[in-house]
Amino acid sequence: MTQLESLSASALSLPGFSPLSLLNSLPLFNSLSLAGSLSLAGSGADGSAWLFPTLLAQQTTEAAAPPAGPLIALLVFGIALLLVLILKLKLQAFLSLLIVSVLVAASSRLVNPEAVPLTQVADTIVASMGGALGFIATIIGIGAIFGAILEHSGGTQALANHLVRIFGVEKAPWAMLLTGFIISIPVFLDVALVILAPLLYALARDTKRPFLHFGLPLVAGMAVTHAFVPPTPGPVAVAYLLGVNLGWVILFGVMVGLPTAIICGPWLCVRVAKGVTLPAIEPIETVEGELEAETNLPSFTSVLLLIGLPIALILANTVVEQWVASGLPEGLTRNERSEQLAAALAEGSWLVQAITFIGHPVIALLGSTIATLYFLGTRRGVDRDTLLDISTKALGPAGVIILITGAGGVFKGVLSATGITDAMEVLFADSGISVLVLAWVFATLIRVAQGSATVAMLTAAGLMGNFVNDLNQPQLALVTIAIAAGATGFSHVNDSGFWMISRYFRMSEGQTLRTWGIISVMISVTGFAFTMLLWQFVG
């Protein structure tokens, strides 16, 4: 018998006793004003048989349910402040996310007594940053070196030139679309535009066709892959935050991305480019050194194999993991399934263990990068100092992305520690809105408001935390793709990619909105539509 039950039993035997009088005499219940508001019911005349069980159930329910309204208001305040810091005060996204995370966490106890204590806010920030960066920083850092070596070797140009020869000059826009789709896996958008700009100008000059007929398909293909297919930073970060195997994201990213790129490729690009007049193309002067360099490009096959190697290894890992997971018992929670799967893989045959090892994204990408350093570097006569310099410079831009991604992980951790993700779940629990729709809407709204696709992906992933607890791996992968689709569309003047395309393609703001703005919306909507279609088969 508990102390509370003992007290009630002895008190009930006293003459003139009333349960309400006992409750009102207790400071805890008197301060909470619970005693006077209880509706007593039970088998006894004074309701004593039901009193304490009912009271304890109500107290437990009230403690468990987060104050949804105030917490949602705190979330709205945090996102509004994030927009002000990025757009109005022009503060770097990394600092903006950290500042918002600290302020939201520090003020959360004003609206939720169960939120993270003020004394633990800094520890929450540090723990969330460390947890997010362990996997993501490694992938992005290795991938940046991989892309830099590929770019320095001329692999990007070799890929584009070969595809143009395959498709022919008349169908060169399709070659540019496929080039963008493939090359954006290891190479950043701005780097690829710089490398391929001479080829785009040469195609426009030689075919007498508008420059945009080649340029827009290229950036459309690059945008699709950069958003949907790991190991690019955005989907890698979202996959980690949602706890999904990267192989599933690659598989569904290609399944969604390829038809999306085809629909939003040359056919759409040619139509949106109608009526857009650009300045005349200046003659391209090619010096003798550049001509010699073009004849010394790596082979198309070697470039394609090096790009495809890490993807193939990661997919092999996913196949093996899914095969082993099929033997696990039903009804496991996500943590239980993860633990039992790890144990089953560790006890598997040598082949299962070997594929699991080499197919882990870190090992797969590391091995591919070492192979790239050798085959596109050392074997082609590039000295070690040059390779070291290329690798070191590649980590500069990657460092910025890593820090922003880590700050996004901090924001997700704060949303969980303050109870905001619980409040979001309460708010949308009975709405009947699909989890995919929520993911796409969250990412789209944040993308439109502040412009950065990376920030939109990370913020949306944080907001989706409590909505994905019961989803399987394929479903989690499709939620990742839905977030990526929402964060890719609706590019306008607050998006750095908008200005990059405007500058490289020599278009005015209005012309960029008429062309790239429409294409980005179509990529988002089409990608989301294919994601919803695939959901019918895995949901």
# chains A, B, ... in the order shown; residues from 1 in each chain; ligands from 1
$ closest_atom_pairs --of "region 462-517 of chain A" --to "region 245-250 of chain A" --cutoff "8 Å" --atoms "only C-alpha atoms" --output "CSV"
residue,atom,partner,partner_atom,distance
A:Gln473,CA,A:Asn245,CA,6.8
A:Pro474,CA,A:Trp248,CA,6.2
A:Ala477,CA,A:Val249,CA,4.9
A:Leu478,CA,A:Val249,CA,7.3
A:Thr480,CA,A:Val249,CA,7.2
A:Ile481,CA,A:Val249,CA,7.3
$ write_last_selection --atoms "all heavy atoms" --output "PDB file, in the first residue's frame"
ATOM      1  N   GLN A 473      11.718   2.036 -42.999  1.00  0.00           N
ATOM      2  CA  GLN A 473      12.812   2.684 -43.720  1.00  0.00           C
ATOM      3  C   GLN A 473      12.406   3.234 -45.092  1.00  0.00           C
ATOM      4  O   GLN A 473      12.734   4.382 -45.412  1.00  0.00           O
ATOM      5  CB  GLN A 473      13.978   1.696 -43.863  1.00  0.00           C
ATOM      6  CG  GLN A 473      14.740   1.451 -42.571  1.00  0.00           C
ATOM      7  CD  GLN A 473      15.549   2.659 -42.129  1.00  0.00           C
ATOM      8  OE1 GLN A 473      16.402   3.144 -42.856  1.00  0.00           O
ATOM      9  NE2 GLN A 473      15.285   3.155 -40.929  1.00  0.00           N
ATOM     10  N   PRO A 474      11.689   2.482 -45.927  1.00  0.00           N
ATOM     11  CA  PRO A 474      11.263   3.071 -47.201  1.00  0.00           C
ATOM     12  C   PRO A 474      10.381   4.305 -47.018  1.00  0.00           C
ATOM     13  O   PRO A 474      10.502   5.281 -47.770  1.00  0.00           O
ATOM     14  CB  PRO A 474      10.499   1.927 -47.876  1.00  0.00           C
ATOM     15  CG  PRO A 474      11.059   0.682 -47.280  1.00  0.00           C
ATOM     16  CD  PRO A 474      11.369   1.037 -45.863  1.00  0.00           C
ATOM     17  N   ALA A 477      12.513   7.211 -46.091  1.00  0.00           N
ATOM     18  CA  ALA A 477      13.235   7.712 -47.265  1.00  0.00           C
ATOM     19  C   ALA A 477      12.343   8.610 -48.112  1.00  0.00           C
ATOM     20  O   ALA A 477      12.794   9.651 -48.620  1.00  0.00           O
ATOM     21  CB  ALA A 477      13.742   6.531 -48.100  1.00  0.00           C
ATOM     22  N   LEU A 478      11.074   8.246 -48.260  1.00  0.00           N
ATOM     23  CA  LEU A 478      10.162   9.081 -49.052  1.00  0.00           C
ATOM     24  C   LEU A 478       9.844  10.389 -48.340  1.00  0.00           C
ATOM     25  O   LEU A 478       9.648  11.424 -48.997  1.00  0.00           O
ATOM     26  CB  LEU A 478       8.875   8.301 -49.343  1.00  0.00           C
ATOM     27  CG  LEU A 478       9.025   7.157 -50.358  1.00  0.00           C
ATOM     28  CD1 LEU A 478       7.717   6.404 -50.523  1.00  0.00           C
ATOM     29  CD2 LEU A 478       9.507   7.688 -51.715  1.00  0.00           C
ATOM     30  N   THR A 480      12.038  11.939 -46.573  1.00  0.00           N
ATOM     31  CA  THR A 480      13.256  12.703 -46.895  1.00  0.00           C
ATOM     32  C   THR A 480      13.153  13.331 -48.282  1.00  0.00           C
ATOM     33  O   THR A 480      13.501  14.508 -48.474  1.00  0.00           O
ATOM     34  CB  THR A 480      14.485  11.770 -46.842  1.00  0.00           C
ATOM     35  OG1 THR A 480      14.585  11.191 -45.539  1.00  0.00           O
ATOM     36  CG2 THR A 480      15.763  12.533 -47.153  1.00  0.00           C
ATOM     37  N   ILE A 481      12.669  12.572 -49.267  1.00  0.00           N
ATOM     38  CA  ILE A 481      12.528  13.089 -50.631  1.00  0.00           C
ATOM     39  C   ILE A 481      11.464  14.183 -50.680  1.00  0.00           C
ATOM     40  O   ILE A 481      11.617  15.188 -51.400  1.00  0.00           O
ATOM     41  CB  ILE A 481      12.163  11.955 -51.611  1.00  0.00           C
ATOM     42  CG1 ILE A 481      13.225  10.847 -51.576  1.00  0.00           C
ATOM     43  CG2 ILE A 481      12.017  12.503 -53.027  1.00  0.00           C
ATOM     44  CD1 ILE A 481      14.607  11.297 -51.941  1.00  0.00           C
TER      45      ILE A 481
END
$ residues_around --residues "region 410-427 of chain A" --least-positions-apart "6" --cutoff "10 Å" --atoms "only C-alpha atoms" --output "PyMOL selection string"
chain A and resi 64-75+78+97-109+111-117+121+124-133+241+404+458-467
$ atom_distance --atom1 "CA of Ser496 (chain A)" --atom2 "CA of Pro397 (chain A)"
14.4 Å
$ closest_residue --among "A:Gly331, A:Pro266, A:Gly359, A:Gly221" --to "Val319 (chain A)" --atoms "only C-alpha atoms"
A:Gly359
$ closest_residue --among "A:Thr179, A:Ser431, A:Thr372, A:Ser338" --to "Ala223 (chain A)" --atoms "only C-alpha atoms"
A:Thr179
$ residues_around --residues "Ser302 (chain A)" --least-positions-apart "5" --cutoff "12 Å" --atoms "only C-alpha atoms" --output "VMD selection string"
chain A and resid 150 153 to 156 158 to 159 297 307 to 309 368 371 to 372 374 to 376
$ select_by_dssp --residues "region 262-357 of chain A" --states "alpha helix (DSSP H)" --output "JSON, numbers by chain"
{"A": [262, 263, 266, 267, 268, 269, 270, 271, 272, 288, 289, 290, 291, 292, 293, 294, 295, 300, 301, 302, 303, 304, 305, 306, 307, 308, 309, 310, 311, 312, 313, 314, 315, 316, 317, 318, 319, 320, 321, 322, 323, 324, 325, 334, 335, 336, 337, 338, 339, 340, 341, 342, 343, 344, 345, 346, 350, 351, 352, 353, 354, 355, 356, 357]}
$ residues_around --residues "region 501-512 of chain A" --least-positions-apart "6" --cutoff "9 Å" --atoms "only C-alpha atoms" --output "ChimeraX atom specification"
/A:190,193-194,197,211-212,215-216,219,273,276-279,492-493,518
$ write_last_selection --atoms "C-alpha atoms" --output "mmCIF file, in the first residue's frame"
data_model
loop_
_atom_site.group_PDB
_atom_site.id
_atom_site.type_symbol
_atom_site.label_atom_id
_atom_site.label_comp_id
_atom_site.auth_asym_id
_atom_site.auth_seq_id
_atom_site.Cartn_x
_atom_site.Cartn_y
_atom_site.Cartn_z
ATOM 1 C CA ASP A 190 28.612 26.881 -58.804
ATOM 2 C CA LEU A 193 28.657 26.074 -63.901
ATOM 3 C CA VAL A 194 32.125 27.611 -64.045
ATOM 4 C CA ALA A 197 30.154 27.523 -69.119
ATOM 5 C CA PHE A 211 22.020 29.756 -74.849
ATOM 6 C CA LEU A 212 19.196 28.955 -72.397
ATOM 7 C CA GLY A 215 22.009 26.160 -69.795
ATOM 8 C CA LEU A 216 18.579 25.641 -68.245
ATOM 9 C CA VAL A 219 20.925 23.471 -63.993
ATOM 10 C CA ALA A 273 12.916 30.467 -72.494
ATOM 11 C CA VAL A 276 13.908 35.799 -73.295
ATOM 12 C CA THR A 277 16.631 37.704 -75.151
ATOM 13 C CA LEU A 278 20.164 37.554 -73.769
ATOM 14 C CA PRO A 279 23.222 39.650 -74.678
ATOM 15 C CA HIS A 492 13.303 33.693 -56.045
ATOM 16 C CA VAL A 493 15.309 36.749 -55.013
ATOM 17 C CA ILE A 518 9.101 28.368 -62.982
#
$ closest_residue --among "A:Asp389, A:Glu321, A:Asp123, A:Glu170" --to "Ala204 (chain A)" --atoms "only C-alpha atoms"
A:Glu170
$ atom_distance --atom1 "CA of Phe528 (chain A)" --atom2 "CA of Ala482 (chain A)"
5.7 Å
$ closest_residue --among "A:Leu199, A:Ile79, A:Ala148, A:Val254" --to "Val224 (chain A)" --atoms "only C-alpha atoms"
A:Val254
$ residues_around --residues "Trp174 (chain A)" --least-positions-apart "5" --cutoff "12 Å" --atoms "only C-alpha atoms" --output "VMD selection string"
chain A and resid 160 163 to 169 179 to 181 213 to 221 261 to 270
$ write_last_selection --atoms "C-alpha atoms" --output "tab-separated table (two decimals), in the first residue's frame"
chain	number	residue	atom	x	y	z
A	160	ALA	CA	29.79	16.48	-70.78
A	163	LEU	CA	27.40	12.81	-73.71
A	164	VAL	CA	27.16	15.55	-76.34
A	165	ARG	CA	28.84	13.21	-78.84
A	166	ILE	CA	26.41	10.41	-77.93
A	167	PHE	CA	23.26	12.53	-78.20
A	168	GLY	CA	24.46	14.65	-81.09
A	169	VAL	CA	24.41	18.42	-81.39
A	179	THR	CA	25.39	15.77	-67.45
A	180	GLY	CA	23.86	17.93	-64.74
A	181	PHE	CA	22.07	14.95	-63.20
A	213	HIS	CA	18.25	25.85	-74.41
A	214	PHE	CA	21.47	24.30	-73.07
A	215	GLY	CA	22.01	26.16	-69.79
A	216	LEU	CA	18.58	25.64	-68.25
A	217	PRO	CA	18.51	21.83	-68.76
A	218	LEU	CA	21.96	21.65	-67.19
A	219	VAL	CA	20.92	23.47	-63.99
A	220	ALA	CA	17.60	21.58	-63.91
A	221	GLY	CA	19.44	18.26	-63.88
A	261	ALA	CA	14.42	15.78	-64.49
A	262	ILE	CA	12.99	14.46	-67.77
A	263	ILE	CA	9.68	16.29	-67.30
A	264	CYS	CA	11.41	19.50	-66.19
A	265	GLY	CA	14.19	19.20	-68.76
A	266	PRO	CA	14.53	20.44	-72.36
A	267	TRP	CA	10.81	20.33	-73.16
A	268	LEU	CA	9.94	22.73	-70.32
A	269	CYS	CA	13.16	24.73	-70.55
A	270	VAL	CA	12.66	25.56	-74.23
$ closest_residue --among "A:Thr378, A:Thr488, A:Asn472, A:Thr405" --to "Leu445 (chain A)" --atoms "only C-alpha atoms"
A:Thr488
$ atom_distance --atom1 "CA of Leu177 (chain A)" --atom2 "CA of Thr207 (chain A)"
17.1 Å
